[in-house]
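Everything on this sheet refers to the single structure shown next.
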Amino acid sequence: MLFPQSALGERHVGTGEYRGMEFFHVNARTIVNRVPAASRMPFGYTINAYRGCSHACTYCFARPTHTYLGFGTGEDFERKIVVKLNAVDRLRAELRSPRWLGDPIAMGTNTDPYQRAEGKYHLTQGIVGVLSDARNSFSILTKSTLVLRDLALLAEAARRTRVRLALSIGTIDRDVWRLTEPGAPSPDKRLEAVARLNDAGVRCSVLIAPVLPGLSDSDDQLRAVAEACLGAGAVSVTPAALHLRPGVREHYLEWLSGARPELAALYAERFRTGSYQPRAEQQRIADVVRAVEESAGRRSPGRRSPGRCSPAAPAARAASAGEEQVRRGLAQRVRSSNEQLRLL
């Protein structure tokens with residue numbers, strides 16, 4: 001724990017549809033976070049209005065960040081949500097600063113900006129409105145169909161500035177979805193959101209991620225999800241193989257040992273040398289999805305690169321980079337308690 005839980009402010013117990021959840025109200029010192037230069041991301045700034053995430057994805061790379069608050073990486077991450085109540089006002093003030101040069105801002109790089117808490121607090125909605133008013137470009141990565149609540153707002157923003165969205169849809173297998181993403185909307189609902197966003201003039205890509213060994217990584221499963229996403233009108237599809245960094249690795253493998261123990265040997269082999277799967281496996285995933293794009297006339301044949309199956313639109317690049325930001329920059333942020341206090 002990098003600082004005491006007393007720094008979290010007021011605790012509010014969820015009722016009704018939020019029963020079983022706790023919300024910790026804080027006032028952030030700043031809301032626009034600068035991405036460390038060493039992370040080499042395609043964007044320089046992020047906004048995260050919430051910490052923790054009710055989607056409860058078993059593999060979520062952001063789970064270890066909850067330990068900075070003295071919380072656990074399991075149910076605490078899913079049920080104890082930090083809410084930055086002043087996010088909209090802070091953003092408005094920070095965009096007015098003469099030092100702000102209008103750089104693109106990415107959202108959804110840590111936890112989902114349209115998770116269940118957004119239905120209660122409307123912070124992402126307010127942030128989108130402020131960015132639209134300022135004509136400041138932004139991108140959003142989400143798993144949530146709650147994004148459609150703001151469809152008109154996003155369409156208006158897209159007419160004023162560069163707006164890119166990406167839906168994360170790792171599989172269309174409903175059994176895998178129920179098993180690994182129990183708090184997230186169903187894949188078919190997310191596909192519908194992709195179609196409606198693009199129809200409204202908001203360019204929306206899909207991040208096929210993470211691709212889970214033994215659960216969603218067969219050639220047939222990859223082809224099925226890629227075809228479904230392209231059929232829904234996704235401007236690009238970008239696959240990313242599961243990686244397991246320290247912290248989330250322990251959580252995920254413990255969950256796997258109970259849910260699918262027969263896969264333990266496969267994971268031991270895939271992650272034998274570290275946090276990432278063998279390059280050949282990443283390439284296989286990319287090739288399968290790339291072939292679907294080529295068949296659909298959405299990509300010229302020939303170019304190959306693991307984890308990047310198409311010349312993705314900025315939203316998809318930012319989406320993939322959401323995981324990359326944590327993957328490359330998490331260690332150095334853990335070493336800096338001052339940075340963690342600032343992000344809170």
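Here's how to read the names in the structure tokens: chain A, B, ... by the order shown, residue numbers from 1 in each chain, ligand numbers from 1 in the order shown.
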Please identify which residues in segment 65-235 of chain A DSSP calls helix (DSSP H, G or I) from the backbone, and express them as a PyMOL selection string. chain A and resi 65-69+75-79+87-96+116-121+123-133+145-160+174-180+187-199+219-231
DSSP strand (DSSP E or B) selection over segment 97-310 of chain A, as a ChimeraX atom specification: /A:105-107,138-142,163-168,204-211,237-241
What's the 9 Å shell around Gly274 of chain A, counting only C-alpha atoms, without same-chain residues fewer than 3 positions away, as a PyMOL selection string? chain A and resi 244-245+270-271+277
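Using only C-alpha atoms, the residues found no farther than 8 Å from segment 182-189 of chain A, other than those of its own chain fewer than 4 positions away, are Ser54, His55, Ala56, Cys57, Lys143, Ser144, Thr145, Ile169, Thr171, Ile172, Asp173, Arg174, Trp177, Arg178 and Ala193 of chain A.
Rounded to one decimal, atom CA of Gly70 of chain A and atom CA of Glu94 of chain A lie 29.1 Å from each other.
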Which residues are close to Lys80 of chain A, i.e. within 9 Å by only C-alpha atoms, leaving aside same-chain residues fewer than 2 positions away? Reply as an MDAnalysis selection string. chainID A and resid 21:24 51:54 71 75:78 82
Saved selection, atoms kept: C-alpha atoms, as an mmCIF file, in the first residue's frame:
```cif
data_model
loop_
_atom_site.group_PDB
_atom_site.id
_atom_site.type_symbol
_atom_site.label_atom_id
_atom_site.label_comp_id
_atom_site.auth_asym_id
_atom_site.auth_seq_id
_atom_site.Cartn_x
_atom_site.Cartn_y
_atom_site.Cartn_z
ATOM 1 C CA MET A 21 -20.575 -2.321 -4.465
ATOM 2 C CA GLU A 22 -18.765 0.406 -2.543
ATOM 3 C CA PHE A 23 -17.853 3.815 -3.939
ATOM 4 C CA PHE A 24 -15.032 5.902 -2.540
ATOM 5 C CA ARG A 51 -10.315 3.101 -10.356
ATOM 6 C CA GLY A 52 -11.434 -0.498 -10.051
ATOM 7 C CA CYS A 53 -13.905 -2.003 -12.513
ATOM 8 C CA SER A 54 -17.185 -3.860 -12.144
ATOM 9 C CA PHE A 71 -7.280 -3.245 -1.590
ATOM 10 C CA GLU A 75 -13.407 -8.887 -5.445
ATOM 11 C CA ASP A 76 -12.080 -5.607 -4.058
ATOM 12 C CA PHE A 77 -11.099 -4.546 -7.583
ATOM 13 C CA GLU A 78 -14.572 -5.422 -8.849
ATOM 14 C CA VAL A 82 -12.774 4.938 -6.540
#
```
Option closest in space to Ala224 of chain A, from A:Ala209, A:Ile105, A:Ala195, A:Val288 [counting only C-alpha atoms]: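 Of the candidates, the smallest distance to Ala224 of chain A is held by A:Val288.
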Within 12 Å of Gly201 of chain A, counting only C-alpha atoms, which residues show up once you throw out same-chain ones fewer than 6 positions away? Write them as a PyMOL selection string, please. chain A and resi 151-160+162-165+194-195+233-235
